[in-house]
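*Asks:* Next comes the structure file query-v5.txt, holding compact mmCIF, C-alpha atoms.
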# COMPACT_ATOMS: atom_id res chain seq x y z
CA MET A 1 22.08 88.19 112.06
CA SER A 2 19.79 85.32 113.12
CA GLY A 3 19.61 81.64 112.36
CA PHE A 4 23.12 80.72 113.43
CA ALA A 5 24.13 77.13 112.91
CA ALA A 6 26.31 77.35 116.02
CA LYS A 7 26.89 79.80 118.88
CA VAL A 8 29.73 80.17 121.35
CA GLU A 9 28.65 82.34 124.26
CA ARG A 10 30.75 84.35 126.65
CA GLY A 11 32.90 82.18 128.87
CA GLN A 12 32.30 79.06 126.76
CA SER A 13 34.99 76.95 125.11
CA VAL A 14 33.48 74.81 122.34
CA ALA A 15 35.23 72.27 120.11
CA LEU A 16 34.18 72.57 116.46
CA SER A 17 35.28 70.99 113.23
CA VAL A 18 32.76 71.89 110.49
CA VAL A 19 29.86 74.36 110.79
CA GLU A 20 27.21 74.07 108.08
CA GLY A 21 26.07 77.68 108.13
CA ASP A 22 26.87 80.78 110.17
CA LEU A 23 28.78 80.87 113.47
CA LEU A 24 28.34 83.43 116.28
CA ILE A 25 31.22 83.93 118.71
CA ASP A 26 30.02 86.14 121.53
CA GLY A 27 32.97 86.38 123.88
CA GLY A 28 33.82 82.67 123.75
CA THR A 29 36.58 80.37 122.51
CA VAL A 30 36.47 77.88 119.65
CA GLU A 31 38.71 74.82 119.91
CA ALA A 32 39.48 73.68 116.35
CA GLU A 33 39.14 69.90 116.18
CA GLY A 34 41.90 68.44 114.05
CA GLY A 35 43.58 71.84 113.98
CA THR A 36 41.02 73.55 111.69
CA VAL A 37 37.44 74.72 112.03
CA GLU A 38 35.62 75.21 108.71
CA VAL A 39 32.59 77.49 108.68
CA ARG A 40 30.53 77.14 105.52
CA GLY A 41 29.04 80.55 106.03
CA THR A 42 29.86 83.72 108.02
CA VAL A 43 31.58 84.05 111.39
CA GLU A 44 30.22 86.95 113.43
CA VAL A 45 32.19 88.11 116.44
CA LYS A 46 30.83 90.11 119.37
CA HIS A 47 32.83 91.38 122.32
CA LYS A 48 35.92 89.17 121.94
CA GLY A 49 36.51 85.81 120.34
CA THR A 50 39.36 83.32 120.12
CA ILE A 51 40.02 80.53 117.62
CA LYS A 52 42.51 77.99 118.90
CA GLY A 53 43.69 76.61 115.57
CA ASN A 54 43.00 77.47 111.93
CA LEU A 55 39.83 79.15 110.71
CA LYS A 56 38.37 78.77 107.23
CA ALA A 57 35.18 80.70 106.47
CA GLU A 58 33.36 82.54 103.72
CA ALA A 59 33.33 85.78 105.73
CA LEU A 60 34.34 87.22 109.10
CA THR A 61 32.28 90.12 110.47
CA GLY A 62 31.21 91.80 113.70
CA ASP A 63 32.21 94.47 116.19
CA GLY A 64 34.31 92.26 118.43
CA THR A 65 38.05 91.73 118.51
CA ILE A 66 39.12 88.29 117.38
CA GLY A 67 42.31 86.30 117.65
CA VAL A 68 43.04 83.34 115.39
CA GLU A 69 45.98 81.38 116.75
CA GLY A 70 46.55 79.52 113.46
CA ASP A 71 45.81 80.42 109.82
CA LEU A 72 42.84 82.53 108.71
CA ASP A 73 41.31 81.90 105.28
CA ALA A 74 38.25 84.06 104.65
CA GLU A 75 37.26 85.79 101.43
CA ASP A 76 35.70 88.79 103.19
CA VAL A 77 36.86 90.18 106.58
CA ARG A 78 34.92 93.23 107.78
CA LEU A 79 35.08 94.26 111.45
CA GLU A 80 33.43 97.32 112.98
CA ASP A 81 33.40 99.71 115.94
CA GLY A 82 37.06 99.67 116.94
CA ALA A 83 37.59 95.92 116.62
CA SER A 84 41.01 94.34 116.03
CA LEU A 85 42.22 91.15 114.37
CA GLU A 86 45.26 89.10 115.31
CA VAL A 87 46.37 86.07 113.27
CA GLY A 88 49.06 83.80 114.66
CA GLY A 89 49.64 82.01 111.32
CA ASN A 90 48.98 82.97 107.72
CA LEU A 91 46.23 85.24 106.38
CA THR A 92 44.48 84.64 103.06
CA SER A 93 41.65 86.95 102.00
CA VAL A 94 40.29 89.18 99.27
CA LEU A 95 39.11 92.08 101.45
CA VAL A 96 40.30 92.87 104.97
CA ASP A 97 38.72 95.87 106.72
CA VAL A 98 39.73 96.33 110.37
CA PRO A 99 38.99 99.58 112.22
CA ARG A 100 41.66 99.42 114.92
CA ALA A 101 44.59 97.01 114.57
CA LEU A 102 45.66 94.10 112.38
CA LYS A 103 48.52 91.80 113.33
CA VAL A 104 49.62 88.81 111.24
CA ARG A 105 52.60 86.79 112.41
CA GLY A 106 52.83 84.61 109.30
CA ALA A 107 52.50 85.29 105.57
CA SER A 108 49.64 87.33 104.13
CA LYS A 109 47.93 87.32 100.77
CA ALA A 110 45.07 89.72 100.07
CA THR A 111 43.65 91.98 97.39
CA ASP A 112 42.52 94.94 99.50
CA VAL A 113 43.52 95.68 103.11
CA ARG A 114 42.18 98.64 105.11
CA VAL A 115 43.21 99.29 108.69
CA GLY A 116 42.20 102.33 110.70
CA GLY A 117 44.99 102.22 113.25
CA GLU A 118 48.03 99.94 113.15
CA ALA A 119 48.96 97.02 110.91
CA GLU A 120 51.82 94.58 111.42
CA PHE A 121 52.91 91.78 109.07
CA GLY A 122 55.53 89.43 110.50
CA GLY A 123 55.94 87.32 107.34
CA ASP A 124 55.87 88.00 103.62
CA ALA A 125 52.84 90.06 102.64
CA VAL A 126 51.48 90.14 99.09
CA VAL A 127 48.75 92.78 98.91
CA GLU A 128 47.46 94.64 95.87
CA GLU A 129 46.22 97.63 97.87
CA ILE A 130 46.72 98.52 101.50
CA HIS A 131 45.52 101.60 103.36
CA VAL A 132 46.56 102.17 106.98
CA GLY A 133 45.56 105.22 108.96
CA GLY A 134 48.35 105.05 111.53
CA THR A 135 51.42 102.80 111.44
CA LEU A 136 52.33 99.93 109.13
CA ARG A 137 55.16 97.55 110.01
CA ALA A 138 56.16 94.70 107.72
CA ALA A 139 59.01 92.28 107.16
CA LYS A 140 58.55 92.01 103.40
CA ILE A 141 55.65 93.51 101.47
CA THR A 142 54.84 93.31 97.78
CA GLY A 143 51.93 95.11 96.17
CA GLU A 144 50.61 97.81 93.91
CA ASP A 145 49.45 100.66 96.16
CA ILE A 146 50.43 101.36 99.77
CA SER A 147 48.97 104.33 101.62
CA VAL A 148 49.90 105.05 105.25
CA GLY A 149 48.82 108.10 107.21
CA GLY A 150 51.59 107.98 109.81
CA THR A 151 54.67 105.72 109.78
CA LEU A 152 55.68 102.93 107.43
CA GLU A 153 58.48 100.56 108.50
CA ALA A 154 59.60 97.56 106.45
CA LYS A 155 62.69 95.48 105.85
CA GLU A 156 61.86 95.03 102.18
CA MET A 157 59.22 96.58 99.90
CA LYS A 158 58.42 96.18 96.24
CA CYS A 159 55.45 98.27 95.13
CA GLU A 160 54.19 100.50 92.38
CA ASP A 161 52.90 103.42 94.44
CA ILE A 162 53.75 104.30 98.06
CA LYS A 163 52.23 107.26 99.94
CA VAL A 164 53.22 108.02 103.53
CA GLY A 165 52.00 111.02 105.48
CA GLY A 166 54.77 110.95 108.08
CA THR A 167 57.86 108.75 108.16
CA LEU A 168 59.10 105.99 105.88
CA ARG A 169 61.84 103.60 107.03
CA ALA A 170 62.97 100.64 104.94
CA GLU A 171 66.04 98.52 104.37
CA ARG A 172 65.34 97.75 100.69
CA LEU A 173 62.75 99.50 98.58
CA ALA A 174 61.78 99.20 94.91
CA ALA A 175 58.89 101.34 93.65
CA GLU A 176 57.56 103.33 90.73
CA SER A 177 56.41 106.27 92.86
CA VAL A 178 57.15 107.19 96.50
CA THR A 179 55.57 110.21 98.20
CA VAL A 180 56.44 111.01 101.83
CA GLY A 181 55.29 114.01 103.79
CA GLY A 182 58.07 113.87 106.37
CA THR A 183 61.22 111.75 106.40
CA ALA A 184 62.33 108.80 104.25
CA THR A 185 65.19 106.52 105.30
CA ILE A 186 66.42 103.59 103.17
CA THR A 187 69.31 101.88 104.91
CA VAL A 188 70.46 99.29 102.34
CA GLU A 189 69.33 100.07 98.79
CA GLY A 190 66.53 101.85 96.95
CA VAL A 191 65.39 101.64 93.34
CA ILE A 192 62.77 104.34 92.78
CA LYS A 193 61.40 105.93 89.65
CA ASN A 194 59.77 109.02 91.20
CA LEU A 195 60.54 110.20 94.74
CA ASN A 196 58.75 113.14 96.37
CA VAL A 197 59.58 113.92 100.00
CA GLY A 198 58.55 116.99 101.94
CA GLY A 199 61.27 116.71 104.60
CA THR A 200 64.51 114.74 104.53
CA VAL A 201 65.81 111.65 102.71
CA HIS A 202 68.60 109.25 103.61
CA LEU A 203 69.40 106.72 100.88
CA GLU A 204 72.35 104.43 101.52
CA LYS A 205 72.75 103.67 97.81
CA GLY A 206 70.61 102.95 94.77
CA THR A 207 68.95 104.39 91.69
CA ILE A 208 66.40 107.20 91.43
CA GLU A 209 65.05 108.55 88.17
CA ASP A 210 63.48 111.75 89.53
CA ALA A 211 63.56 113.08 93.09
CA LYS A 212 62.06 116.22 94.61
CA VAL A 213 62.97 116.81 98.25
CA GLY A 214 61.84 119.82 100.24
CA GLY A 215 64.52 119.60 102.92
CA ALA A 216 67.75 117.61 102.86
CA MET A 217 68.93 114.49 101.09
CA GLU A 218 72.00 112.38 101.83
CA SER A 219 73.51 109.06 100.81
CA GLY A 220 76.16 106.80 102.25
CA GLY A 221 77.02 105.16 98.91
CA ALA A 222 76.89 105.76 95.18
CA VAL A 223 73.60 107.02 93.73
CA LYS A 224 72.59 106.94 90.08
CA PHE A 225 69.77 109.25 89.01
CA GLU A 226 68.26 111.38 86.29
CA ASP A 227 67.05 114.53 88.08
CA LEU A 228 67.48 115.57 91.71
CA ASP A 229 65.74 118.70 93.04
CA VAL A 230 66.54 119.41 96.70
CA GLY A 231 65.36 122.54 98.47
CA GLY A 232 67.93 122.52 101.27
CA GLN A 233 71.08 120.40 101.42
CA LEU A 234 72.25 117.51 99.25
CA ARG A 235 75.05 115.24 100.46
CA LEU A 236 76.17 112.24 98.35
CA GLU A 237 79.16 109.91 98.35
CA SER A 238 79.25 110.18 94.56
CA GLY A 239 76.68 110.84 91.87
CA MET A 240 76.03 110.14 88.22
CA GLY A 241 72.95 111.38 86.38
CA GLU A 242 71.31 114.06 84.29
CA SER A 243 70.75 117.15 86.41
CA VAL A 244 70.94 118.38 90.01
CA LYS A 245 69.25 121.44 91.52
CA VAL A 246 69.98 122.40 95.13
CA GLY A 247 68.66 125.43 96.94
CA GLY A 248 71.33 125.51 99.65
CA LEU A 249 74.44 123.38 100.12
CA LEU A 250 75.78 120.60 97.87
CA GLU A 251 78.43 118.21 99.22
CA ILE A 252 79.85 115.32 97.16
CA GLN A 253 82.60 113.19 98.70
CA HIS A 254 83.99 111.95 95.38
CA ASP A 255 82.95 112.62 91.74
CA LEU A 256 79.76 114.22 90.41
CA VAL A 257 79.17 113.60 86.68
CA LEU A 258 76.06 115.06 85.02
CA GLU A 259 74.82 114.90 81.46
CA ASP A 260 72.92 118.18 81.76
CA ARG A 261 73.15 120.88 84.42
CA LEU A 262 74.12 121.59 88.01
CA THR A 263 72.36 124.49 89.72
CA VAL A 264 73.21 125.39 93.32
CA GLY A 265 71.84 128.42 95.13
CA GLY A 266 74.43 128.36 97.88
CA GLU A 267 77.74 126.53 98.15
CA ALA A 268 79.00 123.46 96.26
CA ARG A 269 81.79 121.23 97.56
CA VAL A 270 82.94 118.30 95.41
CA GLY A 271 85.75 116.12 96.72
CA GLY A 272 86.59 114.72 93.28
CA ARG A 273 85.82 115.77 89.72
CA LEU A 274 82.79 117.84 88.74
CA GLU A 275 81.58 117.47 85.17
CA ALA A 276 78.33 118.79 83.67
CA GLU A 277 76.97 120.47 80.58
CA SER A 278 76.53 123.63 82.63
CA VAL A 279 77.46 124.61 86.19
CA ASP A 280 75.74 127.52 87.98
CA VAL A 281 76.67 128.10 91.62
CA GLY A 282 75.45 131.16 93.49
CA GLY A 283 78.07 131.00 96.23
CA ASN A 284 81.41 129.21 96.50
CA LEU A 285 82.48 126.21 94.42
CA SER A 286 85.32 123.87 95.35
CA SER A 287 86.42 120.74 93.50
CA VAL A 288 89.51 118.90 92.30
CA GLU A 289 88.57 120.02 88.79
CA VAL A 290 85.49 121.52 87.15
CA HIS A 291 84.47 120.86 83.57
CA GLY A 292 81.33 122.60 82.31
CA HIS A 293 81.06 121.76 78.62
CA ASP A 294 78.76 124.72 77.97
CA MET A 295 79.08 127.09 80.92
CA VAL A 296 80.58 127.54 84.38
CA LYS A 297 79.11 130.43 86.38
CA VAL A 298 80.08 131.05 90.00
CA GLY A 299 78.85 133.93 92.13
CA GLN A 300 81.72 134.01 94.62
CA SER A 301 84.84 131.83 94.68
CA ILE A 302 86.13 128.83 92.73
CA THR A 303 88.75 126.63 94.37
CA THR A 304 90.29 123.79 92.34
CA ASN A 305 93.51 121.81 92.07
CA LYS A 306 93.43 121.19 88.32
CA GLY A 307 91.38 124.17 87.23
CA VAL A 308 88.08 125.11 85.60
CA LYS A 309 87.17 124.39 81.99
CA GLY A 310 84.12 125.53 80.06
CA ALA A 311 82.97 127.10 76.83
CA VAL A 312 81.87 130.09 78.95
CA VAL A 313 83.37 130.74 82.40
CA SER A 314 82.08 133.55 84.62
CA VAL A 315 83.39 134.65 88.03
CA GLY A 316 81.10 136.99 89.97
CA ARG A 317 81.92 140.36 91.50
CA ARG A 318 84.46 140.15 94.31
CA GLY A 319 84.99 136.54 93.33
CA ARG A 320 88.04 134.38 93.86
CA ALA A 321 89.49 131.63 91.66
CA THR A 322 92.24 129.28 92.82
CA GLY A 323 93.55 127.15 89.97
CA PRO A 324 93.70 127.92 86.24
CA ILE A 325 90.64 129.00 84.23
CA VAL A 326 90.27 127.64 80.69
CA GLY A 327 87.44 128.73 78.39
CA GLU A 328 86.39 130.08 75.04
CA LYS A 329 84.76 133.11 76.66
CA VAL A 330 85.90 134.10 80.17
CA ARG A 331 84.43 136.98 82.14
CA ILE A 332 85.93 138.11 85.42
CA GLU A 333 83.67 140.60 87.22
CA SER A 334 85.11 143.62 89.05
CA ASP A 335 87.07 143.41 92.31
CA SER A 336 87.94 139.76 91.74
CA VAL A 337 91.16 137.82 92.27
CA VAL A 338 92.02 134.93 89.93
CA GLU A 339 95.09 132.99 88.89
CA ASP A 340 96.08 132.05 85.32
CA VAL A 341 93.51 132.40 82.51
CA TYR A 342 93.49 130.65 79.11
CA ALA A 343 90.79 131.98 76.75
CA ASP A 344 89.72 132.94 73.27
CA GLU A 345 87.91 136.02 74.61
CA LEU A 346 88.74 137.42 78.04
CA LYS A 347 87.14 140.38 79.81
CA ILE A 348 88.50 141.41 83.20
CA GLY A 349 86.37 143.77 85.29
CA ALA A 350 87.72 146.85 87.05
CA SER A 351 90.00 146.57 90.08
CA SER A 352 90.61 142.85 89.60
CA SER A 353 93.84 140.91 89.96
CA VAL A 354 94.96 138.09 87.62
CA GLY A 355 98.07 135.95 87.20
CA ASN A 356 99.16 134.98 83.70
CA VAL A 357 96.88 135.84 80.79
CA PHE A 358 96.94 133.77 77.58
CA ALA A 359 94.11 134.84 75.26
CA ALA A 360 93.28 135.79 71.69
CA GLU A 361 91.18 138.86 72.57
CA VAL A 362 91.76 140.62 75.90
CA GLU A 363 90.04 143.52 77.67
CA VAL A 364 91.52 144.64 80.98
CA GLY A 365 89.41 147.02 83.07
CA ASP A 366 90.53 150.09 84.99
CA GLY A 367 92.69 149.62 88.05
CA CYS A 368 93.48 145.95 87.40
CA VAL A 369 96.68 144.15 88.32
CA VAL A 370 98.25 141.54 85.98
CA SER A 371 100.99 139.88 88.02
CA GLY A 372 102.17 137.46 85.30
CA ARG A 373 102.67 137.54 81.54
CA LEU A 374 99.99 138.85 79.15
CA LEU A 375 100.19 137.06 75.79
CA TYR A 376 97.59 137.56 73.05
CA THR A 377 97.13 136.78 69.35
CA GLY A 378 94.37 139.22 68.32
CA GLU A 379 93.69 142.48 70.12
CA VAL A 380 94.30 143.80 73.62
CA ARG A 381 92.55 146.76 75.32
CA ILE A 382 94.04 148.06 78.53
CA GLY A 383 92.12 150.40 80.85
CA ARG A 384 93.43 153.20 83.02
CA ASN A 385 95.75 152.73 85.97
CA VAL A 386 96.43 149.09 85.14
CA GLN A 387 99.53 147.53 86.76
CA LEU A 388 101.42 145.15 84.46
CA SER A 389 104.41 143.07 85.47
CA SER A 390 105.58 143.21 81.84
CA GLN A 391 104.37 144.70 78.58
CA PRO A 392 101.61 142.80 76.72
CA GLU A 393 103.13 140.60 74.04
CA LYS A 394 101.44 139.67 70.77
CA VAL A 395 102.38 136.16 69.68
CA SER A 396 101.51 133.86 66.78
CA SER A 397 100.31 131.08 69.04
CA LEU A 398 99.45 130.71 72.69
CA PRO A 399 100.74 128.14 75.14
CA GLY A 400 98.31 125.36 75.84
CA PRO A 401 96.50 125.08 79.18
CA PRO A 402 97.66 122.56 81.77
CA THR A 403 96.23 119.08 81.39
The structure given in the file should be rewritten as structure tokens.
*Replies:*
Amino acid sequence: MSGFAAKVERGQSVALSVVEGDLLIDGGTVEAEGGTVEVRGTVEVKHKGTIKGNLKAEALTGDGTIGVEGDLDAEDVRLEDGASLEVGGNLTSVLVDVPRALKVRGASKATDVRVGGEAEFGGDAVVEEIHVGGTLRAAKITGEDISVGGTLEAKEMKCEDIKVGGTLRAERLAAESVTVGGTATITVEGVIKNLNVGGTVHLEKGTIEDAKVGGAMESGGAVKFEDLDVGGQLRLESGMGESVKVGGLLEIQHDLVLEDRLTVGGEARVGGRLEAESVDVGGNLSSVEVHGHDMVKVGQSITTNKGVKGAVVSVGRRGRATGPIVGEKVRIESDSVVEDVYADELKIGASSSVGNVFAAEVEVGDGCVVSGRLLYTGEVRIGRNVQLSSQPEKVSSLPGPPT
């Protein structure tokens, strides 16, 4: 660029107020007369430049690092070749493109921000789009799209779309869509429509419509949601939503209430009440009480205080059930041990042990043990070598299950 209206060479310190045209800062310092220097053109920086005060310009360019000790107001900021920008006050711009590092101590307002390395916003930042290759740190940031290749740390964020390649840490976060390759930690509250995390998630409390987590997810407070899909472990204080799918372990400190289904590949532990349209647990299930409106299916053991209720209840082979079972259709697979059963249709697999049986239709497999009473209203079929504490008794009505 030639034809500069003013130049500040290396080692110089020049006082300026208004520059009618372009300004070259080649390693020097500009002293802003009256607190502000206004450049009615472009500021080009080479090597390193310093503005002591506020800078207002049409554009800021060059391959040199520049520090503005006050406010920076420039429509177009484009630095090159590893340059950095540091603003001691507020930043106002349409486009900010910095290859290495951007640091703003005050508030920021921009349409498009692109930083190759690290970006730090000490005050409130309102940015429509921001792309950072390395690390982004912010006090409070509001925008549409945030994309960070490495780590994103913020006290408060409100955005439409957030993409982080590595780690996300925030105190408060509200977003339409959040995608994180590694770990996401929200320490106060999160309100997220769609959450997709490859590793682990810690959410203190909040609301999530849909979440897909490859590793583990945990919360310290109540979480409301629609669908949670966690590949490894899910730990919540309490939960209320539509459906939950967990590949490994599910732990809920208090109640878990679902409108649709719970599917757990491994073990499920619920400290309070578990209620869902259907419950399917591959391993062990423990809860104060379990109510599956449609179905309860457990591969191994069920441990409850108040029992299990469902239209269809199924206990897997060699399963165990502590607490009463209440269902329209109940199937106990072979070699299982259960307590009292209340059912319309009951089928007990071979070599199983049950307590009291109260059912309309009963089929008891070979080698079973019925240690309590067997009352029925319809038909009963008893296999070979079955041990009964008393003879089956046909009655006109069955006793009701415990409430």
*Asks:* Given the point (31.0, 87.7, 110.0) in the file's coordinates, find the residues that have an atom at most 10 Å from it, counting only C-alpha atoms, and give them as a VMD selection string.
*Replies:* chain A and resid 1 22 to 25 41 to 46 57 to 63 74 76 to 79
*Asks:* What is the CA of Ile186 in chain A to CA of Leu203 in chain A distance in Å?
*Replies:*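 That distance, rounded to one decimal, is 4.9 Å.
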*Asks:* Excluding range 230-245 of chain A and any residue of its chain fewer than 5 positions from it, enumerate the residues within 8 Å of it, using only C-alpha atoms, and give them as a PyMOL selection string.
*Replies:* chain A and resi 211-225+250-264
*Asks:* Could you work out how far CA of Gly166 in chain A lies from CA of Gly134 in chain A, giving the answer in Å with one decimal?
*Replies:* 9.4 Å
*Asks:* Which value, in Å to one decimal, gives the distance between CA of Ser389 in chain A and CA of Pro402 in chain A?
*Replies:*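 Separating CA of Ser389 in chain A from CA of Pro402 in chain A is a distance of 21.9 Å.
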*Asks:* Using only C-alpha atoms, can you list as number ranges by chain the residues within 12 Å of (95.1, 145.3, 85.7)?
*Replies:* A: 332, 334-338, 347-357, 362-374, 381-392
*Asks:* Extract, using all atoms listed in the file, all DNA, RNA and protein residues at most 6 Å from Ala15 in chain A, discarding same-chain residues fewer than 2 positions from it, and format them as a ChimeraX atom specification.
*Replies:* /A:30-32
*Asks:* Would you mind listing what lies within 7 Å of Ser177 in chain A as a count of residues only, with all atoms listed in the file counted and same-chain residues fewer than 2 positions away left out?
*Replies:* 9
*Asks:* Using only C-alpha atoms, which of A:Ser287, A:Glu20, A:Ala110, A:Val380 sits nearest Lys394 in chain A?
*Replies:*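 Ranking A:Ser287, A:Glu20, A:Ala110, A:Val380 by distance to Lys394 in chain A, first place goes to A:Val380.
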*Asks:* When you look at Ala139 in chain A with a cut-off of 7 Å (counting only C-alpha atoms), what residues show up, excluding the ones that are within fewer than 3 positions of it in the same chain? I need them as a list in words.
*Replies:* Phe121, Gly122, Gly123, Asp124, Ala154, Lys155 and Glu156 of chain A
*Asks:* Considering all atoms listed in the file, return as a PyMOL selection string whatever protein or nucleic-acid residues lie within 7 Å of Gly319 in chain A, sequence-local ones (same chain, fewer than 2 positions apart) excluded.
*Replies:* chain A and resi 299-301+315-317+321+336-337
*Asks:* Taking the block just given, write range 304-368 of chain A to a file that holds C-alpha atoms, as a PDB file, in the first residue's frame.
*Replies:*
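Writing the result to result-v7.pdb gives the following:
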ATOM      1  CA  THR A 304     -37.943 -53.669  44.592  1.00  0.00           C
ATOM      2  CA  ASN A 305     -39.611 -52.670  47.842  1.00  0.00           C
ATOM      3  CA  LYS A 306     -43.131 -52.166  46.492  1.00  0.00           C
ATOM      4  CA  GLY A 307     -43.010 -54.501  43.526  1.00  0.00           C
ATOM      5  CA  VAL A 308     -43.207 -54.540  39.731  1.00  0.00           C
ATOM      6  CA  LYS A 309     -46.306 -53.707  37.714  1.00  0.00           C
ATOM      7  CA  GLY A 310     -46.849 -54.018  33.978  1.00  0.00           C
ATOM      8  CA  ALA A 311     -49.210 -55.317  31.341  1.00  0.00           C
ATOM      9  CA  VAL A 312     -46.459 -57.817  30.440  1.00  0.00           C
ATOM     10  CA  VAL A 313     -43.722 -58.747  32.930  1.00  0.00           C
ATOM     11  CA  SER A 314     -40.838 -61.019  31.947  1.00  0.00           C
ATOM     12  CA  VAL A 315     -38.006 -62.329  34.140  1.00  0.00           C
ATOM     13  CA  GLY A 316     -35.083 -63.881  32.272  1.00  0.00           C
ATOM     14  CA  ARG A 317     -33.508 -67.301  32.767  1.00  0.00           C
ATOM     15  CA  ARG A 318     -31.851 -67.714  36.157  1.00  0.00           C
ATOM     16  CA  GLY A 319     -33.437 -64.422  37.135  1.00  0.00           C
ATOM     17  CA  ARG A 320     -34.326 -63.176  40.579  1.00  0.00           C
ATOM     18  CA  ALA A 321     -37.242 -61.000  41.711  1.00  0.00           C
ATOM     19  CA  THR A 322     -37.465 -59.472  45.173  1.00  0.00           C
ATOM     20  CA  GLY A 323     -40.862 -57.877  45.771  1.00  0.00           C
ATOM     21  CA  PRO A 324     -44.259 -58.771  44.296  1.00  0.00           C
ATOM     22  CA  ILE A 325     -44.870 -59.024  40.540  1.00  0.00           C
ATOM     23  CA  VAL A 326     -48.190 -57.733  39.188  1.00  0.00           C
ATOM     24  CA  GLY A 327     -49.153 -58.066  35.524  1.00  0.00           C
ATOM     25  CA  GLU A 328     -51.693 -59.176  32.979  1.00  0.00           C
ATOM     26  CA  LYS A 329     -49.209 -61.591  31.407  1.00  0.00           C
ATOM     27  CA  VAL A 330     -46.243 -62.738  33.514  1.00  0.00           C
ATOM     28  CA  ARG A 331     -43.506 -65.043  32.256  1.00  0.00           C
ATOM     29  CA  ILE A 332     -40.863 -66.440  34.568  1.00  0.00           C
ATOM     30  CA  GLU A 333     -38.062 -68.146  32.632  1.00  0.00           C
ATOM     31  CA  SER A 334     -36.479 -71.392  33.875  1.00  0.00           C
ATOM     32  CA  ASP A 335     -34.204 -71.626  36.918  1.00  0.00           C
ATOM     33  CA  SER A 336     -35.528 -68.381  38.374  1.00  0.00           C
ATOM     34  CA  VAL A 337     -36.456 -67.397  41.917  1.00  0.00           C
ATOM     35  CA  VAL A 338     -39.303 -64.930  42.494  1.00  0.00           C
ATOM     36  CA  GLU A 339     -41.628 -63.950  45.307  1.00  0.00           C
ATOM     37  CA  ASP A 340     -45.408 -63.424  45.065  1.00  0.00           C
ATOM     38  CA  VAL A 341     -47.036 -63.139  41.614  1.00  0.00           C
ATOM     39  CA  TYR A 342     -50.407 -61.559  40.723  1.00  0.00           C
ATOM     40  CA  ALA A 343     -51.433 -62.170  37.094  1.00  0.00           C
ATOM     41  CA  ASP A 344     -54.139 -62.901  34.578  1.00  0.00           C
ATOM     42  CA  GLU A 345     -51.844 -65.313  32.720  1.00  0.00           C
ATOM     43  CA  LEU A 346     -48.782 -66.780  34.425  1.00  0.00           C
ATOM     44  CA  LYS A 347     -46.176 -69.131  32.955  1.00  0.00           C
ATOM     45  CA  ILE A 348     -43.398 -70.387  35.203  1.00  0.00           C
ATOM     46  CA  GLY A 349     -40.391 -71.998  33.528  1.00  0.00           C
ATOM     47  CA  ALA A 350     -38.840 -75.275  34.657  1.00  0.00           C
ATOM     48  CA  SER A 351     -36.892 -75.547  37.914  1.00  0.00           C
ATOM     49  CA  SER A 352     -38.053 -72.151  39.177  1.00  0.00           C
ATOM     50  CA  SER A 353     -39.132 -71.176  42.666  1.00  0.00           C
ATOM     51  CA  VAL A 354     -42.072 -68.852  43.467  1.00  0.00           C
ATOM     52  CA  GLY A 355     -43.865 -67.664  46.597  1.00  0.00           C
ATOM     53  CA  ASN A 356     -47.622 -67.147  46.472  1.00  0.00           C
ATOM     54  CA  VAL A 357     -49.372 -67.431  43.116  1.00  0.00           C
ATOM     55  CA  PHE A 358     -52.643 -65.557  42.455  1.00  0.00           C
ATOM     56  CA  ALA A 359     -53.625 -65.881  38.784  1.00  0.00           C
ATOM     57  CA  ALA A 360     -56.499 -66.676  36.452  1.00  0.00           C
ATOM     58  CA  GLU A 361     -54.523 -69.009  34.167  1.00  0.00           C
ATOM     59  CA  VAL A 362     -51.416 -70.763  35.525  1.00  0.00           C
ATOM     60  CA  GLU A 363     -48.783 -73.012  33.955  1.00  0.00           C
ATOM     61  CA  VAL A 364     -46.103 -74.399  36.261  1.00  0.00           C
ATOM     62  CA  GLY A 365     -43.095 -76.028  34.602  1.00  0.00           C
ATOM     63  CA  ASP A 366     -41.317 -79.232  35.577  1.00  0.00           C
ATOM     64  CA  GLY A 367     -39.322 -79.283  38.783  1.00  0.00           C
ATOM     65  CA  CYS A 368     -40.697 -75.998  40.143  1.00  0.00           C
TER      66      CYS A 368
END
